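Trainee: One structure is given below, represented as C-alpha cells, and several questions about it will come after.
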2 protein chains.
Amino acid sequence: MDLLKAKIRAEGIVIDNSLLKVDSFLNHQIDPQFMRLVGEEFANRFQGEAVTKILTIEASGIAVAVMTGLAMNVPAVFARKKKSMATGDEVYSAKVYSFTKKETYDVIVAKQFLSPDDRVLIIDDFLANGEAALGLAAIVRQAGASVVGIGIVIEKSFQPGAEKLKRAGYRVESLARIASFSRGQVNFL
Amino acid sequence: MDLLKAKIRAEGIVIDNSLLKVDSFLNHQIDPQFMRLVGEEFANRFQGEAVTKILTIEASGIAVAVMTGLAMNVPAVFARKKKSMATGDEVYSAKVYSFTKKETYDVIVAKQFLSPDDRVLIIDDFLANGEAALGLAAIVRQAGASVVGIGIVIEKSFQPGAEKLKRAGYRVESLARIASFSRGQVNFL
C-alpha cells in the first residue's frame with residue numbers, strides 16, 4: 001500500500017535501528033481518514049472470503065479493526081489483555097509473550113462473540129514475532145471457528161512472525177513489509 | 001440518541017443493579033456501522049466548535065473517538081494508561097482513579113500531539129465518577145490547549161461524574177443518560 005509506505009517514510013521514527021514508532025497516525029494519534037483507507041484495503045484483499053467477524057487485540061489494533069469491519073460490514077471484536085471485572089468467566093483465552101514489554105499476558109475473548117460458524121479475519125497493527133496473532137488464532141480455534149487470514153498494517157519481515165504464521169498455514173496480508181532499518185531509515189521489501 | 005437507547009435496552013446486561021455491560025456493540029465487540037452513527041452524532045452536537053482534535057483513553061474509547069474524528073475530519077489521540085517502552089519521556093500525564101477496578105493509573109499523552117492552538121473534544125464510552133474525563137481535561141490544560149466539550153456515549157446520571165464536570169465548567173453531551181437500574185432494567189432520564 002503505497003500511501004502507507006509514504007506515511008511511514010514521512011512520519012515514522014526509527015529508534016536504535018530496531019524499533020519503528022508510528023505514533024502520529026497509528027499507535028497513539030490516529031488519522032481516521034487514513035485508517036478508513038487501510039480498512040478498505042483489507043476489505044479488498046479478503047473479499048470473497050465471506051468474513052463474518054474481525055478479531056484484534058486492544059489497544060492499537062482497535063482503530064484498524066473497526067475500519068475493516070466498517071468496510072466489510074461485519075462486527076469487530078477486540079480481545080482484552082487481562083481479565084477485567086466487567087468480563088464474565090465464560091471466556092476463551094491464550095497466553096501471549098510480548099517481546100517489546102518482556103512480559104506474558106492473557107488474551108481473552110468472551111465466548112458469546114465467537115461461534116463455530118464464524119469466518120474470522122485477524123487484524124493487527126504490527127507483526128514482529130507473531131505471538132499476538134498466534135494467540136488470537138488459538139482463541140478462534142477454541143471457538144471451533146475458522147481463521148480466513150491475518151491482516152497486518154506493518155510487518156517487520158526481518159523478524160520471524162510472518163514466516164511462523166505462514167508455516168502454520170495462515171494467509172498473511174501485510175500492507176507494508178519492512179526488510180530492514182539502516183541509519184534511521186526504513187527499507188521496504 | 002434513540003437508536004443507542006434501543007440498543008442498550010435490547011443488548012445491555014445489568015449486573016447487580018449497578019453495572020451495565022454493553023459488550024455486544026461498544027466494550028468488547030464493536031458494531032462499526034453503529035459506531036459511525038455515534039461519531040456523526042457527536043460531530044453534529046459539537047459542530048461550530050472548530051474542534052481540531054479528539055482525545056480519549058484506551059481501550060473502549062478508541063472506536064468512538066476514531067469515528068468522531070472521521071466525521072469531524074480531525075485526528076483522534078488515545079491516551080495510554082501506563083508508560084510503555086514505545087512512548088518517550090516527553091509526555092503530559094494525570095493520575096486517574098478507577099472505581100470499577102479500584103486502582104489508580106497514569107494517563108499519558110505525548111506532548112507532540114497536543115499544542116496550545118488545539119481545541120479538544122474529549123470522548124469516552126462511559127461517564128460514572130468523571131475521573132477519566134477530568135484526567136484528560138488536566139492533560140489538555142497542561143498543553144495550554146482548550147477543552148471545547150466532553151462527549152459521552154453512556155452517562156450513569158445517578159453517579160456524580162456529569163455534575164462534577166459541569167461544575168468544573170465543561171459542556172457535557174451524553175448520548176444516553178441512565179437515571180437508575182431496577183430489576184435488571186435500565187431507566188433513562
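Following the order of the C-alpha cells, chains are lettered A, B, ..., residues in each are numbered from 1, and ligands are numbered from 1.
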Compile a residue-level contact table for chain B against chain A at a cut-off of 9 Å, reporting for every qualifying residue the shortest atom pair and its distance in Å to one decimal, with only C-alpha atoms counted, rows ordered by chain and ascending number, as a tab-separated table.

Mentor:
```
residue	atom	partner	partner_atom	distance
B:Leu19	CA	A:Ala86	CA	8.1
B:Leu20	CA	A:Ala86	CA	8.6
B:Lys21	CA	A:Ala86	CA	6.9
B:Asp23	CA	A:Thr87	CA	8.5
B:Ser24	CA	A:Phe113	CA	7.7
B:Phe25	CA	A:Pro75	CA	8.1
B:Asn27	CA	A:Phe78	CA	8.5
B:His28	CA	A:Phe78	CA	5.6
B:Gln29	CA	A:Val77	CA	4.1
B:Ile30	CA	A:Ala76	CA	5.2
B:Asp31	CA	A:Pro75	CA	5.1
B:Pro32	CA	A:Leu70	CA	5.0
B:Gln33	CA	A:Leu70	CA	5.9
B:Met35	CA	A:Val66	CA	8.8
B:Arg36	CA	A:Leu70	CA	8.3
B:Leu55	CA	A:Gln29	CA	8.9
B:Glu58	CA	A:Ala59	CA	6.1
B:Ala59	CA	A:Ala59	CA	5.3
B:Ser60	CA	A:Ala59	CA	8.4
B:Ile62	CA	A:Ala63	CA	6.6
B:Ala63	CA	A:Ala63	CA	5.9
B:Val66	CA	A:Pro32	CA	5.7
B:Met67	CA	A:Pro32	CA	7.2
B:Thr68	CA	A:Pro32	CA	8.7
B:Gly69	CA	A:Pro32	CA	6.0
B:Leu70	CA	A:Pro32	CA	5.0
B:Ala71	CA	A:Pro32	CA	8.8
B:Asn73	CA	A:Gln33	CA	7.3
B:Val74	CA	A:Pro32	CA	7.5
B:Pro75	CA	A:Asp31	CA	5.1
B:Ala76	CA	A:Ile30	CA	5.1
B:Val77	CA	A:Gln29	CA	4.1
B:Phe78	CA	A:His28	CA	5.6
B:Ala79	CA	A:His28	CA	7.1
B:Arg80	CA	A:His28	CA	7.8
B:Ser84	CA	A:Lys101	CA	7.7
B:Met85	CA	A:Lys101	CA	6.9
B:Ala86	CA	A:Lys21	CA	6.9
B:Thr87	CA	A:Asp23	CA	8.5
B:Thr100	CA	A:Met85	CA	7.3
B:Lys101	CA	A:Met85	CA	6.9
B:Val109	CA	A:His28	CA	8.0
B:Ala110	CA	A:His28	CA	8.2
B:Gln112	CA	A:Ser24	CA	8.9
B:Phe113	CA	A:Gln29	CA	7.0
```

Trainee: Mind dumping the selected residues with N, CA and C atoms as a short mmCIF file (atom, residue, chain, number, x, y, z; two decimals), in the first residue's frame?

Mentor:
```cif
data_model
loop_
_atom_site.label_atom_id
_atom_site.label_comp_id
_atom_site.auth_asym_id
_atom_site.auth_seq_id
_atom_site.Cartn_x
_atom_site.Cartn_y
_atom_site.Cartn_z
N LEU B 19 -24.04 -2.28 37.50
CA LEU B 19 -23.10 -2.31 36.39
C LEU B 19 -23.86 -2.63 35.11
N LEU B 20 -23.58 -1.85 34.04
CA LEU B 20 -24.20 -2.11 32.74
C LEU B 20 -23.13 -2.63 31.78
N LYS B 21 -23.34 -3.83 31.26
CA LYS B 21 -22.44 -4.37 30.24
C LYS B 21 -23.04 -4.15 28.87
N ASP B 23 -21.20 -5.09 26.06
CA ASP B 23 -20.07 -5.72 25.37
C ASP B 23 -20.40 -6.10 23.93
N SER B 24 -21.67 -6.12 23.57
CA SER B 24 -22.03 -6.60 22.22
C SER B 24 -21.85 -5.55 21.14
N PHE B 25 -21.75 -4.27 21.53
CA PHE B 25 -21.58 -3.26 20.49
C PHE B 25 -20.60 -2.15 20.85
N ASN B 27 -18.01 -2.29 24.14
CA ASN B 27 -16.88 -2.51 25.02
C ASN B 27 -16.04 -3.77 24.76
N HIS B 28 -16.49 -4.59 23.85
CA HIS B 28 -15.72 -5.81 23.60
C HIS B 28 -15.90 -6.17 22.12
N GLN B 29 -17.15 -6.43 21.73
CA GLN B 29 -17.47 -6.46 20.31
C GLN B 29 -17.94 -5.05 19.94
N ILE B 30 -17.55 -4.60 18.75
CA ILE B 30 -17.94 -3.26 18.31
C ILE B 30 -18.76 -3.39 17.04
N ASP B 31 -19.84 -2.65 16.99
CA ASP B 31 -20.69 -2.59 15.79
C ASP B 31 -20.23 -1.37 14.99
N PRO B 32 -19.43 -1.58 13.95
CA PRO B 32 -18.80 -0.43 13.27
C PRO B 32 -19.81 0.54 12.64
N GLN B 33 -20.87 0.00 12.03
CA GLN B 33 -21.85 0.91 11.40
C GLN B 33 -22.52 1.77 12.47
N MET B 35 -21.19 2.54 15.41
CA MET B 35 -20.18 3.48 15.91
C MET B 35 -20.04 4.67 14.97
N ARG B 36 -20.21 4.43 13.67
CA ARG B 36 -20.14 5.56 12.73
C ARG B 36 -21.27 6.56 13.01
N LEU B 55 -9.76 13.57 21.86
CA LEU B 55 -8.90 12.91 22.86
C LEU B 55 -9.73 11.90 23.65
N GLU B 58 -7.44 4.75 25.97
CA GLU B 58 -7.58 3.36 25.59
C GLU B 58 -8.37 2.63 26.65
N ALA B 59 -9.08 1.53 26.33
CA ALA B 59 -9.23 0.96 25.02
C ALA B 59 -10.63 1.22 24.46
N SER B 60 -11.65 1.21 25.33
CA SER B 60 -13.02 1.26 24.82
C SER B 60 -13.38 2.60 24.18
N ILE B 62 -11.55 4.17 22.02
CA ILE B 62 -10.87 4.36 20.73
C ILE B 62 -11.83 4.32 19.54
N ALA B 63 -12.70 3.32 19.49
CA ALA B 63 -13.60 3.20 18.34
C ALA B 63 -14.49 4.44 18.22
N VAL B 66 -12.33 7.51 17.11
CA VAL B 66 -11.90 7.45 15.71
C VAL B 66 -13.07 7.77 14.78
N MET B 67 -14.25 7.26 15.11
CA MET B 67 -15.43 7.56 14.28
C MET B 67 -15.83 9.03 14.40
N THR B 68 -15.64 9.62 15.57
CA THR B 68 -15.91 11.05 15.72
C THR B 68 -14.89 11.87 14.93
N GLY B 69 -13.64 11.44 15.00
CA GLY B 69 -12.60 12.11 14.21
C GLY B 69 -12.86 11.99 12.71
N LEU B 70 -13.38 10.83 12.30
CA LEU B 70 -13.71 10.64 10.87
C LEU B 70 -14.81 11.62 10.46
N ALA B 71 -15.83 11.73 11.30
CA ALA B 71 -16.96 12.62 10.96
C ALA B 71 -16.55 14.08 10.99
N ASN B 73 -13.36 15.13 10.61
CA ASN B 73 -12.14 15.29 9.82
C ASN B 73 -10.96 15.87 10.61
N VAL B 74 -10.78 15.33 11.82
CA VAL B 74 -9.65 15.73 12.67
C VAL B 74 -9.02 14.47 13.25
N PRO B 75 -7.75 14.53 13.68
CA PRO B 75 -7.10 13.35 14.28
C PRO B 75 -7.71 12.99 15.64
N ALA B 76 -7.59 11.74 15.99
CA ALA B 76 -8.02 11.26 17.31
C ALA B 76 -6.78 10.75 18.04
N VAL B 77 -6.59 11.23 19.27
CA VAL B 77 -5.47 10.78 20.10
C VAL B 77 -6.03 9.91 21.23
N PHE B 78 -5.42 8.74 21.42
CA PHE B 78 -5.84 8.00 22.61
C PHE B 78 -4.74 8.03 23.65
N ALA B 79 -5.09 8.50 24.84
CA ALA B 79 -4.17 8.50 25.96
C ALA B 79 -3.90 7.06 26.37
N ARG B 80 -2.67 6.82 26.79
CA ARG B 80 -2.32 5.49 27.26
C ARG B 80 -2.45 5.42 28.76
N SER B 84 4.59 3.16 28.28
CA SER B 84 5.05 1.99 27.53
C SER B 84 6.43 2.30 26.95
N MET B 85 7.16 1.24 26.63
CA MET B 85 8.51 1.41 26.08
C MET B 85 8.55 2.30 24.85
N ALA B 86 7.47 2.24 24.06
CA ALA B 86 7.48 2.94 22.78
C ALA B 86 7.10 4.42 22.93
N THR B 87 6.81 4.88 24.16
CA THR B 87 6.48 6.29 24.36
C THR B 87 7.66 6.99 25.03
N THR B 100 -14.19 1.18 39.13
CA THR B 100 -14.50 -0.19 38.70
C THR B 100 -13.37 -1.14 39.08
N LYS B 101 -12.14 -0.70 38.79
CA LYS B 101 -11.01 -1.59 39.04
C LYS B 101 -10.35 -1.32 40.39
N VAL B 109 -0.16 11.30 27.50
CA VAL B 109 -0.23 11.73 26.10
C VAL B 109 1.11 12.36 25.73
N ALA B 110 1.69 11.95 24.62
CA ALA B 110 2.94 12.55 24.15
C ALA B 110 2.72 14.02 23.83
N GLN B 112 3.90 16.04 21.75
CA GLN B 112 3.82 16.48 20.36
C GLN B 112 2.41 16.43 19.78
N PHE B 113 1.48 15.72 20.46
CA PHE B 113 0.15 15.56 19.88
C PHE B 113 -0.89 16.53 20.45
#
```

Trainee: Output as a PDB file with all heavy atoms, in the first residue's frame all residues of range 72-151 of chain A that backbone DSSP marks as alpha helix (DSSP H).

Mentor:
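File written: part_9.pdb
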```pdb
ATOM      1  N   MET A  72     -16.220  -4.043   5.608  1.00  0.00           N
ATOM      2  CA  MET A  72     -16.735  -5.380   5.295  1.00  0.00           C
ATOM      3  C   MET A  72     -18.134  -5.609   5.851  1.00  0.00           C
ATOM      4  O   MET A  72     -18.727  -6.669   5.619  1.00  0.00           O
ATOM      5  CB  MET A  72     -15.773  -6.450   5.838  1.00  0.00           C
ATOM      6  CG  MET A  72     -14.355  -6.319   5.304  1.00  0.00           C
ATOM      7  SD  MET A  72     -13.273  -7.714   5.751  1.00  0.00           S
ATOM      8  CE  MET A  72     -13.428  -8.771   4.303  1.00  0.00           C
ATOM      9  N   GLU A 131       3.506 -13.493  18.058  1.00  0.00           N
ATOM     10  CA  GLU A 131       2.897 -14.059  19.268  1.00  0.00           C
ATOM     11  C   GLU A 131       1.438 -13.655  19.426  1.00  0.00           C
ATOM     12  O   GLU A 131       0.584 -14.468  19.765  1.00  0.00           O
ATOM     13  CB  GLU A 131       3.694 -13.629  20.498  1.00  0.00           C
ATOM     14  CG  GLU A 131       5.134 -14.111  20.530  1.00  0.00           C
ATOM     15  CD  GLU A 131       5.232 -15.626  20.627  1.00  0.00           C
ATOM     16  OE1 GLU A 131       4.590 -16.189  21.520  1.00  0.00           O
ATOM     17  OE2 GLU A 131       5.927 -16.225  19.792  1.00  0.00           O
ATOM     18  N   ALA A 132       1.143 -12.389  19.176  1.00  0.00           N
ATOM     19  CA  ALA A 132      -0.228 -11.902  19.352  1.00  0.00           C
ATOM     20  C   ALA A 132      -1.167 -12.575  18.359  1.00  0.00           C
ATOM     21  O   ALA A 132      -2.241 -13.077  18.732  1.00  0.00           O
ATOM     22  CB  ALA A 132      -0.273 -10.383  19.192  1.00  0.00           C
ATOM     23  N   ALA A 133      -0.745 -12.639  17.083  1.00  0.00           N
ATOM     24  CA  ALA A 133      -1.602 -13.253  16.066  1.00  0.00           C
ATOM     25  C   ALA A 133      -1.827 -14.731  16.359  1.00  0.00           C
ATOM     26  O   ALA A 133      -2.934 -15.253  16.204  1.00  0.00           O
ATOM     27  CB  ALA A 133      -0.981 -13.067  14.681  1.00  0.00           C
ATOM     28  N   LEU A 134      -0.776 -15.428  16.819  1.00  0.00           N
ATOM     29  CA  LEU A 134      -0.928 -16.847  17.158  1.00  0.00           C
ATOM     30  C   LEU A 134      -1.874 -17.024  18.345  1.00  0.00           C
ATOM     31  O   LEU A 134      -2.664 -17.967  18.381  1.00  0.00           O
ATOM     32  CB  LEU A 134       0.441 -17.471  17.457  1.00  0.00           C
ATOM     33  CG  LEU A 134       1.305 -17.722  16.213  1.00  0.00           C
ATOM     34  CD1 LEU A 134       2.735 -18.092  16.609  1.00  0.00           C
ATOM     35  CD2 LEU A 134       0.697 -18.823  15.324  1.00  0.00           C
ATOM     36  N   GLY A 135      -1.819 -16.115  19.300  1.00  0.00           N
ATOM     37  CA  GLY A 135      -2.744 -16.160  20.438  1.00  0.00           C
ATOM     38  C   GLY A 135      -4.185 -15.971  19.985  1.00  0.00           C
ATOM     39  O   GLY A 135      -5.084 -16.698  20.420  1.00  0.00           O
ATOM     40  N   LEU A 136      -4.399 -15.018  19.079  1.00  0.00           N
ATOM     41  CA  LEU A 136      -5.750 -14.797  18.566  1.00  0.00           C
ATOM     42  C   LEU A 136      -6.227 -16.010  17.763  1.00  0.00           C
ATOM     43  O   LEU A 136      -7.387 -16.426  17.879  1.00  0.00           O
ATOM     44  CB  LEU A 136      -5.783 -13.536  17.696  1.00  0.00           C
ATOM     45  CG  LEU A 136      -5.578 -12.211  18.455  1.00  0.00           C
ATOM     46  CD1 LEU A 136      -5.553 -11.038  17.478  1.00  0.00           C
ATOM     47  CD2 LEU A 136      -6.682 -11.992  19.491  1.00  0.00           C
ATOM     48  N   ALA A 137      -5.326 -16.583  16.972  1.00  0.00           N
ATOM     49  CA  ALA A 137      -5.698 -17.765  16.186  1.00  0.00           C
ATOM     50  C   ALA A 137      -6.056 -18.935  17.107  1.00  0.00           C
ATOM     51  O   ALA A 137      -6.991 -19.702  16.836  1.00  0.00           O
ATOM     52  CB  ALA A 137      -4.563 -18.150  15.240  1.00  0.00           C
ATOM     53  N   ALA A 138      -5.346 -19.066  18.217  1.00  0.00           N
ATOM     54  CA  ALA A 138      -5.648 -20.129  19.183  1.00  0.00           C
ATOM     55  C   ALA A 138      -7.051 -19.950  19.755  1.00  0.00           C
ATOM     56  O   ALA A 138      -7.796 -20.913  19.951  1.00  0.00           O
ATOM     57  CB  ALA A 138      -4.604 -20.128  20.305  1.00  0.00           C
ATOM     58  N   ILE A 139      -7.417 -18.680  19.994  1.00  0.00           N
ATOM     59  CA  ILE A 139      -8.754 -18.393  20.518  1.00  0.00           C
ATOM     60  C   ILE A 139      -9.831 -18.744  19.485  1.00  0.00           C
ATOM     61  O   ILE A 139     -10.868 -19.321  19.822  1.00  0.00           O
ATOM     62  CB  ILE A 139      -8.824 -16.909  20.951  1.00  0.00           C
ATOM     63  CG1 ILE A 139      -8.134 -16.764  22.321  1.00  0.00           C
ATOM     64  CG2 ILE A 139     -10.252 -16.393  20.986  1.00  0.00           C
ATOM     65  CD1 ILE A 139      -7.987 -15.342  22.803  1.00  0.00           C
ATOM     66  N   VAL A 140      -9.568 -18.420  18.229  1.00  0.00           N
ATOM     67  CA  VAL A 140     -10.526 -18.766  17.170  1.00  0.00           C
ATOM     68  C   VAL A 140     -10.699 -20.287  17.103  1.00  0.00           C
ATOM     69  O   VAL A 140     -11.823 -20.801  16.982  1.00  0.00           O
ATOM     70  CB  VAL A 140     -10.067 -18.199  15.805  1.00  0.00           C
ATOM     71  CG1 VAL A 140     -10.992 -18.671  14.682  1.00  0.00           C
ATOM     72  CG2 VAL A 140     -10.008 -16.669  15.844  1.00  0.00           C
ATOM     73  N   ARG A 141      -9.595 -21.015  17.210  1.00  0.00           N
ATOM     74  CA  ARG A 141      -9.670 -22.483  17.198  1.00  0.00           C
ATOM     75  C   ARG A 141     -10.470 -23.018  18.379  1.00  0.00           C
ATOM     76  O   ARG A 141     -11.269 -23.940  18.247  1.00  0.00           O
ATOM     77  CB  ARG A 141      -8.262 -23.095  17.243  1.00  0.00           C
ATOM     78  CG  ARG A 141      -7.629 -23.317  15.874  1.00  0.00           C
ATOM     79  CD  ARG A 141      -6.514 -24.378  15.945  1.00  0.00           C
ATOM     80  NE  ARG A 141      -5.627 -24.175  17.078  1.00  0.00           N
ATOM     81  CZ  ARG A 141      -4.604 -23.327  17.100  1.00  0.00           C
ATOM     82  NH1 ARG A 141      -4.332 -22.604  16.027  1.00  0.00           N
ATOM     83  NH2 ARG A 141      -3.852 -23.212  18.169  1.00  0.00           N
ATOM     84  N   GLN A 142     -10.257 -22.415  19.573  1.00  0.00           N
ATOM     85  CA  GLN A 142     -11.021 -22.850  20.752  1.00  0.00           C
ATOM     86  C   GLN A 142     -12.519 -22.721  20.514  1.00  0.00           C
ATOM     87  O   GLN A 142     -13.316 -23.508  21.022  1.00  0.00           O
ATOM     88  CB  GLN A 142     -10.633 -22.003  21.978  1.00  0.00           C
ATOM     89  CG  GLN A 142      -9.245 -22.308  22.539  1.00  0.00           C
ATOM     90  CD  GLN A 142      -8.820 -21.269  23.581  1.00  0.00           C
ATOM     91  OE1 GLN A 142      -9.642 -20.743  24.337  1.00  0.00           O
ATOM     92  NE2 GLN A 142      -7.536 -20.959  23.630  1.00  0.00           N
TER      93      GLN A 142
END
```

Trainee: Skip Ala50 in chain A itself and residues of its chain fewer than 2 positions away, then list as a ChimeraX atom specification all residues within 9 Å of it, counting only C-alpha atoms.

Mentor: /A:46-48,52,119,148

Trainee: Dump all heavy atoms for the selected residues as a CSV table (one decimal), in the first residue's frame?

Mentor:
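Written output follows (part_9.csv):
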```csv
chain,number,residue,atom,x,y,z
A,46,PHE,N,-9.4,-9.3,1.3
A,46,PHE,CA,-10.0,-10.5,1.8
A,46,PHE,C,-11.5,-10.7,1.3
A,46,PHE,O,-12.3,-11.4,1.8
A,46,PHE,CB,-10.0,-10.5,3.3
A,46,PHE,CG,-8.6,-10.8,3.9
A,46,PHE,CD1,-7.8,-9.7,4.3
A,46,PHE,CD2,-8.1,-12.1,3.9
A,46,PHE,CE1,-6.5,-10.0,4.8
A,46,PHE,CE2,-6.8,-12.3,4.4
A,46,PHE,CZ,-6.0,-11.3,4.9
A,47,GLN,N,-11.8,-9.9,0.2
A,47,GLN,CA,-13.0,-10.0,-0.5
A,47,GLN,C,-13.2,-11.5,-0.9
A,47,GLN,O,-12.3,-12.1,-1.3
A,47,GLN,CB,-12.9,-9.1,-1.7
A,47,GLN,CG,-14.2,-8.5,-2.2
A,47,GLN,CD,-13.9,-7.6,-3.4
A,47,GLN,OE1,-12.9,-7.6,-4.0
A,47,GLN,NE2,-15.0,-6.9,-3.8
A,48,GLY,N,-14.4,-12.0,-0.9
A,48,GLY,CA,-14.7,-13.3,-1.4
A,48,GLY,C,-14.4,-14.4,-0.3
A,48,GLY,O,-14.6,-15.6,-0.5
A,52,THR,N,-17.0,-13.1,8.6
A,52,THR,CA,-18.2,-12.8,9.4
A,52,THR,C,-17.8,-11.9,10.6
A,52,THR,O,-18.6,-11.4,11.3
A,52,THR,CB,-18.9,-14.0,9.9
A,52,THR,OG1,-17.9,-14.8,10.7
A,52,THR,CG2,-19.4,-14.9,8.8
A,119,ARG,N,-16.3,-17.0,10.4
A,119,ARG,CA,-15.1,-16.9,9.5
A,119,ARG,C,-14.4,-15.7,9.9
A,119,ARG,O,-14.8,-14.6,9.6
A,119,ARG,CB,-15.5,-17.0,8.0
A,119,ARG,CG,-16.2,-18.3,7.7
A,119,ARG,CD,-16.6,-18.3,6.2
A,119,ARG,NE,-15.5,-18.1,5.3
A,119,ARG,CZ,-14.6,-19.0,4.9
A,119,ARG,NH1,-14.6,-20.2,5.4
A,119,ARG,NH2,-13.6,-18.6,4.1
A,148,VAL,N,-9.7,-17.0,8.4
A,148,VAL,CA,-9.6,-16.9,7.0
A,148,VAL,C,-8.3,-16.2,6.6
A,148,VAL,O,-7.9,-16.3,5.4
A,148,VAL,CB,-10.8,-16.2,6.3
A,148,VAL,CG1,-12.1,-16.9,6.7
A,148,VAL,CG2,-10.8,-14.7,6.7
```

Trainee: Extract the full set of strand (DSSP E or B) residues from range 32-169 of chain A according to DSSP on the backbone, and format it as a PyMOL selection string.

Mentor: chain A and resi 53-57+76-80+91-98+103-110+119-127+146-156

Trainee: Mind dumping the selected residues with C-alpha atoms as a PDB file, in the first residue's frame?

Mentor:
```pdb
ATOM      1  CA  LYS A  53     -16.023 -11.206  12.122  1.00  0.00           C
ATOM      2  CA  ILE A  54     -12.875  -9.152  12.666  1.00  0.00           C
ATOM      3  CA  LEU A  55     -10.707 -10.051  15.669  1.00  0.00           C
ATOM      4  CA  THR A  56      -7.918  -7.900  17.095  1.00  0.00           C
ATOM      5  CA  ILE A  57      -6.222  -7.082  20.430  1.00  0.00           C
ATOM      6  CA  ALA A  76     -15.114  -6.213  15.165  1.00  0.00           C
ATOM      7  CA  VAL A  77     -14.141  -7.906  18.443  1.00  0.00           C
ATOM      8  CA  PHE A  78     -11.159  -6.728  20.418  1.00  0.00           C
ATOM      9  CA  ALA A  79      -9.552  -9.257  22.715  1.00  0.00           C
ATOM     10  CA  ARG A  80      -8.678  -7.925  26.124  1.00  0.00           C
ATOM     11  CA  VAL A  91     -14.133 -16.708  28.023  1.00  0.00           C
ATOM     12  CA  TYR A  92     -11.636 -18.148  25.571  1.00  0.00           C
ATOM     13  CA  SER A  93      -8.064 -17.256  26.429  1.00  0.00           C
ATOM     14  CA  ALA A  94      -4.471 -17.630  25.291  1.00  0.00           C
ATOM     15  CA  LYS A  95      -1.125 -16.622  26.731  1.00  0.00           C
ATOM     16  CA  VAL A  96       0.906 -14.148  24.668  1.00  0.00           C
ATOM     17  CA  TYR A  97       4.515 -13.142  25.253  1.00  0.00           C
ATOM     18  CA  SER A  98       5.367  -9.557  24.339  1.00  0.00           C
ATOM     19  CA  GLU A 103       6.081  -9.963  29.779  1.00  0.00           C
ATOM     20  CA  THR A 104       3.399 -12.586  29.262  1.00  0.00           C
ATOM     21  CA  TYR A 105      -0.239 -11.551  29.323  1.00  0.00           C
ATOM     22  CA  ASP A 106      -3.576 -13.295  28.899  1.00  0.00           C
ATOM     23  CA  VAL A 107      -5.627 -12.526  25.815  1.00  0.00           C
ATOM     24  CA  ILE A 108      -9.318 -13.003  26.450  1.00  0.00           C
ATOM     25  CA  VAL A 109     -12.487 -13.106  24.323  1.00  0.00           C
ATOM     26  CA  ALA A 110     -15.967 -13.734  25.713  1.00  0.00           C
ATOM     27  CA  ARG A 119     -15.065 -16.947   9.498  1.00  0.00           C
ATOM     28  CA  VAL A 120     -12.610 -14.688  11.297  1.00  0.00           C
ATOM     29  CA  LEU A 121     -10.184 -12.160   9.875  1.00  0.00           C
ATOM     30  CA  ILE A 122      -7.451 -11.402  12.440  1.00  0.00           C
ATOM     31  CA  ILE A 123      -6.184  -7.820  12.232  1.00  0.00           C
ATOM     32  CA  ASP A 124      -3.218  -6.220  13.984  1.00  0.00           C
ATOM     33  CA  ASP A 125      -1.132  -3.075  13.659  1.00  0.00           C
ATOM     34  CA  PHE A 126       2.327  -4.714  13.777  1.00  0.00           C
ATOM     35  CA  LEU A 127       3.714  -8.162  13.084  1.00  0.00           C
ATOM     36  CA  SER A 146     -12.135 -20.595  11.075  1.00  0.00           C
ATOM     37  CA  VAL A 147      -9.291 -18.143  10.561  1.00  0.00           C
ATOM     38  CA  VAL A 148      -9.603 -16.926   6.962  1.00  0.00           C
ATOM     39  CA  GLY A 149      -6.474 -14.825   7.197  1.00  0.00           C
ATOM     40  CA  ILE A 150      -4.347 -12.362   9.098  1.00  0.00           C
ATOM     41  CA  GLY A 151      -4.201  -8.716   8.032  1.00  0.00           C
ATOM     42  CA  ILE A 152      -1.220  -6.702   9.276  1.00  0.00           C
ATOM     43  CA  VAL A 153      -0.586  -2.997   8.801  1.00  0.00           C
ATOM     44  CA  ILE A 154       3.214  -3.090   9.243  1.00  0.00           C
ATOM     45  CA  GLU A 155       5.228  -6.305   9.021  1.00  0.00           C
ATOM     46  CA  LYS A 156       8.809  -6.367  10.250  1.00  0.00           C
TER      47      LYS A 156
END
```

Trainee: Quick one: distance from CA of Leu175 in chain B to CA of Phe188 in chain B in Å, one decimal?

Mentor: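 CA of Phe188 in chain B lies 10.9 Å from CA of Leu175 in chain B.
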